[in-house]
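S.K.: One file is attached below, final-v1.cif, containing mmCIF, C-alpha atoms and all ligand atoms; chains and numbers go by the auth columns.
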```
data_entry
loop_
_atom_site.group_PDB
_atom_site.id
_atom_site.type_symbol
_atom_site.label_atom_id
_atom_site.label_comp_id
_atom_site.label_asym_id
_atom_site.label_seq_id
_atom_site.Cartn_x
_atom_site.Cartn_y
_atom_site.Cartn_z
_atom_site.B_iso_or_equiv
_atom_site.auth_seq_id
_atom_site.auth_asym_id
ATOM 1 C CA MET A 1 62.468 144.134 71.384 0.00 15 I
ATOM 2 C CA ALA A 2 62.255 143.586 67.676 0.00 16 I
ATOM 3 C CA ILE A 3 64.510 140.523 67.838 0.00 17 I
ATOM 4 C CA VAL A 4 62.299 138.892 70.430 0.00 18 I
ATOM 5 C CA SER A 5 59.029 139.642 68.675 0.00 19 I
ATOM 6 C CA ARG A 6 60.379 138.193 65.410 0.00 20 I
ATOM 7 C CA LYS A 7 61.400 134.968 67.120 0.00 21 I
ATOM 8 C CA GLY A 8 58.279 134.812 69.270 0.00 22 I
ATOM 9 C CA LEU A 9 58.691 135.333 72.997 0.00 23 I
ATOM 10 C CA GLY A 10 61.559 132.862 73.342 0.00 24 I
ATOM 11 C CA PRO A 11 62.050 131.673 76.929 0.00 25 I
ATOM 12 C CA ALA A 12 58.999 133.703 78.085 0.00 26 I
ATOM 13 C CA LYS A 13 56.726 131.347 76.141 0.00 27 I
ATOM 14 C CA ARG A 14 56.535 129.234 79.310 0.00 28 I
ATOM 15 C CA PHE A 15 54.148 131.817 80.812 0.00 29 I
ATOM 16 C CA GLY A 16 51.473 131.090 78.191 0.00 30 I
ATOM 17 C CA THR A 17 48.809 133.781 77.989 0.00 31 I
ATOM 18 C CA ARG A 18 49.678 135.316 81.362 0.00 32 I
ATOM 19 C CA TYR A 19 51.411 138.624 82.333 0.00 33 I
ATOM 20 C CA GLY A 20 51.142 140.490 78.987 0.00 34 I
ATOM 21 C CA SER A 21 53.443 140.523 75.984 0.00 35 I
ATOM 22 C CA PRO A 22 55.466 143.722 76.736 0.00 36 I
ATOM 23 C CA LEU A 23 56.571 142.348 80.105 0.00 37 I
ATOM 24 C CA LYS A 24 57.316 138.939 78.611 0.00 38 I
ATOM 25 C CA MET A 25 59.378 140.596 75.838 0.00 39 I
ATOM 26 C CA ARG A 26 61.504 142.438 78.407 0.00 40 I
ATOM 27 C CA LEU A 27 62.037 139.260 80.395 0.00 41 I
ATOM 28 C CA ALA A 28 62.914 137.316 77.228 0.00 42 I
ATOM 29 C CA LEU A 29 65.618 139.860 76.303 0.00 43 I
ATOM 30 C CA VAL A 30 67.185 139.530 79.763 0.00 44 I
ATOM 31 C CA GLU A 31 67.002 135.724 79.814 0.00 45 I
ATOM 32 C CA ILE A 32 68.438 135.351 76.298 0.00 46 I
ATOM 33 C CA GLU A 33 71.416 137.519 77.329 0.00 47 I
ATOM 34 C CA GLN A 34 71.763 135.622 80.615 0.00 48 I
ATOM 35 C CA LYS A 35 71.837 132.176 79.003 0.00 49 I
ATOM 36 C CA GLN A 36 74.285 133.067 76.236 0.00 50 I
ATOM 37 C CA LYS A 37 77.788 131.595 76.353 0.00 51 I
ATOM 38 C CA HIS A 38 79.866 134.261 78.055 0.00 52 I
ATOM 39 C CA GLU A 39 83.616 134.565 77.663 0.00 53 I
ATOM 40 C CA CYS A 40 85.698 133.906 80.774 0.00 54 I
ATOM 41 C CA PRO A 41 87.758 136.995 81.739 0.00 55 I
ATOM 42 C CA TYR A 42 90.498 134.705 83.120 0.00 56 I
ATOM 43 C CA CYS A 43 90.998 131.939 80.521 0.00 57 I
ATOM 44 C CA GLY A 44 89.104 133.491 77.601 0.00 58 I
ATOM 45 C CA ARG A 45 86.939 130.438 76.871 0.00 59 I
ATOM 46 C CA PRO A 46 83.167 130.876 76.378 0.00 60 I
ATOM 47 C CA LYS A 47 82.297 128.689 79.371 0.00 61 I
ATOM 48 C CA VAL A 48 80.940 131.121 81.955 0.00 62 I
ATOM 49 C CA ARG A 49 77.621 130.218 83.557 0.00 63 I
ATOM 50 C CA ARG A 50 75.522 131.935 86.199 0.00 64 I
ATOM 51 C CA VAL A 51 75.620 130.346 89.655 0.00 65 I
ATOM 52 C CA MET A 52 73.210 132.803 91.273 0.00 66 I
ATOM 53 C CA ALA A 53 72.401 136.508 90.984 0.00 67 I
ATOM 54 C CA GLY A 54 75.719 138.322 90.491 0.00 68 I
ATOM 55 C CA VAL A 55 77.881 135.190 90.825 0.00 69 I
ATOM 56 C CA TRP A 56 79.409 133.587 87.725 0.00 70 I
ATOM 57 C CA GLN A 57 81.609 130.535 87.304 0.00 71 I
ATOM 58 C CA CYS A 58 83.780 129.351 84.426 0.00 72 I
ATOM 59 C CA GLN A 59 83.082 125.695 83.617 0.00 73 I
ATOM 60 C CA LYS A 60 86.629 125.292 82.237 0.00 74 I
ATOM 61 C CA CYS A 61 88.955 126.880 84.826 0.00 75 I
ATOM 62 C CA GLN A 62 86.406 126.797 87.712 0.00 76 I
ATOM 63 C CA THR A 63 87.035 130.459 88.530 0.00 77 I
ATOM 64 C CA LYS A 64 84.153 131.996 90.433 0.00 78 I
ATOM 65 C CA PHE A 65 83.728 135.743 90.211 0.00 79 I
ATOM 66 C CA THR A 66 81.148 138.474 90.711 0.00 80 I
ATOM 67 C CA GLY A 67 79.450 140.383 87.951 0.00 81 I
ATOM 68 C CA ARG A 68 76.084 141.829 87.240 0.00 82 I
ATOM 69 C CA ALA A 69 72.899 139.979 88.164 0.00 83 I
ATOM 70 C CA TYR A 70 71.992 138.784 84.652 0.00 84 I
ATOM 71 C CA THR A 71 75.250 139.305 82.699 0.00 85 I
ATOM 72 C CA PRO A 72 78.821 138.685 83.891 0.00 86 I
ATOM 73 C CA MET A 73 79.924 142.152 82.772 0.00 87 I
ATOM 74 C CA SER A 74 78.101 145.281 81.639 0.00 88 I
ATOM 75 C CA LYS A 75 78.499 146.339 78.005 0.00 89 I
ATOM 76 C CA LEU A 76 79.913 149.649 79.246 0.00 90 I
ATOM 77 C CA ALA A 77 82.630 147.837 81.237 0.00 91 I
ATOM 78 C CA GLN A 78 83.478 145.683 78.186 0.00 92 I
ATOM 79 C CA THR A 79 83.983 148.760 75.982 0.00 93 I
ATOM 80 C CA GLN A 80 86.093 150.417 78.682 0.00 94 I
ATOM 81 C CA GLU A 81 88.246 147.279 78.859 0.00 95 I
ATOM 82 C CA VAL A 82 88.734 147.323 75.083 0.00 96 I
ATOM 83 C CA GLN A 83 89.672 151.009 75.227 0.00 97 I
ATOM 84 C CA ALA A 84 92.161 150.295 78.019 0.00 98 I
ATOM 85 C CA VAL A 85 93.803 147.544 75.949 0.00 99 I
ATOM 86 C CA THR A 86 93.998 149.684 72.816 0.00 100 I
ATOM 87 C CA SER A 87 95.398 152.704 74.696 0.00 101 I
ATOM 88 C CA GLU A 88 98.228 150.715 76.355 0.00 102 I
ATOM 89 C CA PRO A 89 100.875 151.176 73.628 0.00 103 I
ATOM 90 C CA GLU A 90 100.515 154.986 73.820 0.00 104 I
ATOM 91 C CA GLU A 91 101.140 154.910 77.572 0.00 105 I
ATOM 92 C CA GLN A 92 104.223 152.736 77.073 0.00 106 I
ATOM 93 C CA LYS A 93 105.609 155.194 74.508 0.00 107 I
ATOM 94 C CA GLU A 94 105.103 158.058 76.949 0.00 108 I
ATOM 95 C CA GLN A 95 106.938 156.137 79.676 0.00 109 I
ATOM 96 C CA GLU A 96 109.821 155.349 77.307 0.00 110 I
ATOM 97 C CA GLU A 97 110.108 159.026 76.383 0.00 111 I
ATOM 98 C CA GLU A 98 110.276 159.957 80.051 0.00 112 I
ATOM 99 C CA VAL A 99 113.109 157.455 80.613 0.00 113 I
ATOM 100 C CA VAL A 100 115.087 158.916 77.682 0.00 114 I
ATOM 101 C CA ALA A 101 114.594 162.441 79.049 0.00 115 I
ATOM 102 C CA GLU A 102 116.033 161.440 82.412 0.00 116 I
HETATM 103 ZN ZN ZN B . 87.848 130.298 82.677 0.00 201 D
#
```
Starting from the file, lay out its structure as structure tokens.
M.R.:
Amino acid sequence: MAIVSRKGLGPAKRFGTRYGSPLKMRLALVEIEQKQKHECPYCGRPKVRRVMAGVWQCQKCQTKFTGRAYTPMSKLAQTQEVQAVTSEPEEQKEQEEEVVAE
């Protein structure tokens, strides 16, 4: 909220004096996130754009995939992905140990 109020109402300025500032602030936060350059989960380039609610397309590799309505991936899913990547070496070590034991 604070970010939006400092910068004005951002994309919600188009509503003028209508609908009230708290609602416009919430909408601005969603629209700013929606219109950011999102990283493609397939080619890694920041070229993902929203086609419609829940459908996202990479402008570089043309991959079309589903995600959330206003963001391609939830922040929770992103952190889980990072954790999965960082925990991979431990799993590999465990598998190697099992092979040696056999
Ligand atoms: Zn891509």
S.K.: Written as a PDB file with C-alpha atoms, in the coordinates of the input, what is the full residue list that the PyMOL selection byres (((not hetatm)) within 12 of (chain D and resi 201)) yields on the file shown?
M.R.:
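Dumped everything to part_32.pdb:
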```pdb
ATOM      1  CA  LYS I  51      77.788 131.595  76.353  1.00  0.00           C
ATOM      2  CA  HIS I  52      79.866 134.261  78.055  1.00  0.00           C
ATOM      3  CA  GLU I  53      83.616 134.565  77.663  1.00  0.00           C
ATOM      4  CA  CYS I  54      85.698 133.906  80.774  1.00  0.00           C
ATOM      5  CA  PRO I  55      87.758 136.995  81.739  1.00  0.00           C
ATOM      6  CA  TYR I  56      90.498 134.705  83.120  1.00  0.00           C
ATOM      7  CA  CYS I  57      90.998 131.939  80.521  1.00  0.00           C
ATOM      8  CA  GLY I  58      89.104 133.491  77.601  1.00  0.00           C
ATOM      9  CA  ARG I  59      86.939 130.438  76.871  1.00  0.00           C
ATOM     10  CA  PRO I  60      83.167 130.876  76.378  1.00  0.00           C
ATOM     11  CA  LYS I  61      82.297 128.689  79.371  1.00  0.00           C
ATOM     12  CA  VAL I  62      80.940 131.121  81.955  1.00  0.00           C
ATOM     13  CA  ARG I  63      77.621 130.218  83.557  1.00  0.00           C
ATOM     14  CA  TRP I  70      79.409 133.587  87.725  1.00  0.00           C
ATOM     15  CA  GLN I  71      81.609 130.535  87.304  1.00  0.00           C
ATOM     16  CA  CYS I  72      83.780 129.351  84.426  1.00  0.00           C
ATOM     17  CA  GLN I  73      83.082 125.695  83.617  1.00  0.00           C
ATOM     18  CA  LYS I  74      86.629 125.292  82.237  1.00  0.00           C
ATOM     19  CA  CYS I  75      88.955 126.880  84.826  1.00  0.00           C
ATOM     20  CA  GLN I  76      86.406 126.797  87.712  1.00  0.00           C
ATOM     21  CA  THR I  77      87.035 130.459  88.530  1.00  0.00           C
ATOM     22  CA  LYS I  78      84.153 131.996  90.433  1.00  0.00           C
ATOM     23  CA  PHE I  79      83.728 135.743  90.211  1.00  0.00           C
TER      24      PHE I  79
END
```
S.K.: Mind pulling up the distance from CA of Arg64 (chain I) to CA of Gln50 (chain I)?
M.R.: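 Separating CA of Gln50 (chain I) from CA of Arg64 (chain I) is a distance of 10.1 Å.
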S.K.: Residues picked by the PyMOL selection byres (((chain I and resi 43) around 9) and not hetatm) here, as a ChimeraX atom specification?
M.R.: /I:15,17-18,23-25,38-42,44-48
S.K.: CA of Tyr33 (chain I) to CA of Val65 (chain I): how many Å, to one decimal?
M.R.: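 About the pair CA of Tyr33 (chain I) and CA of Val65 (chain I): they are 26.6 Å apart.
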S.K.: CA of Gln97 (chain I) to CA of Gly81 (chain I): how many Å, to one decimal?
M.R.: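 Between CA of Gln97 (chain I) and CA of Gly81 (chain I) the gap is 19.5 Å.
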S.K.: May I have the centre and edge lengths, in Å to one decimal, of an axis-aligned box around the listed atoms of region 82-87 of chain I with 8 Å added to every side, as lines of an AutoDock Vina configuration file?
M.R.:
```
center_x = 76.0
center_y = 140.4
center_z = 85.4
size_x = 23.9
size_y = 19.5
size_z = 21.5
```
S.K.: I would like the residues chosen by the PyMOL selection byres (((chain I and resi 82) around 10) and not hetatm) on the shown file; could you give them as number ranges by chain?
M.R.: I: 64, 67-70, 80-81, 83-88
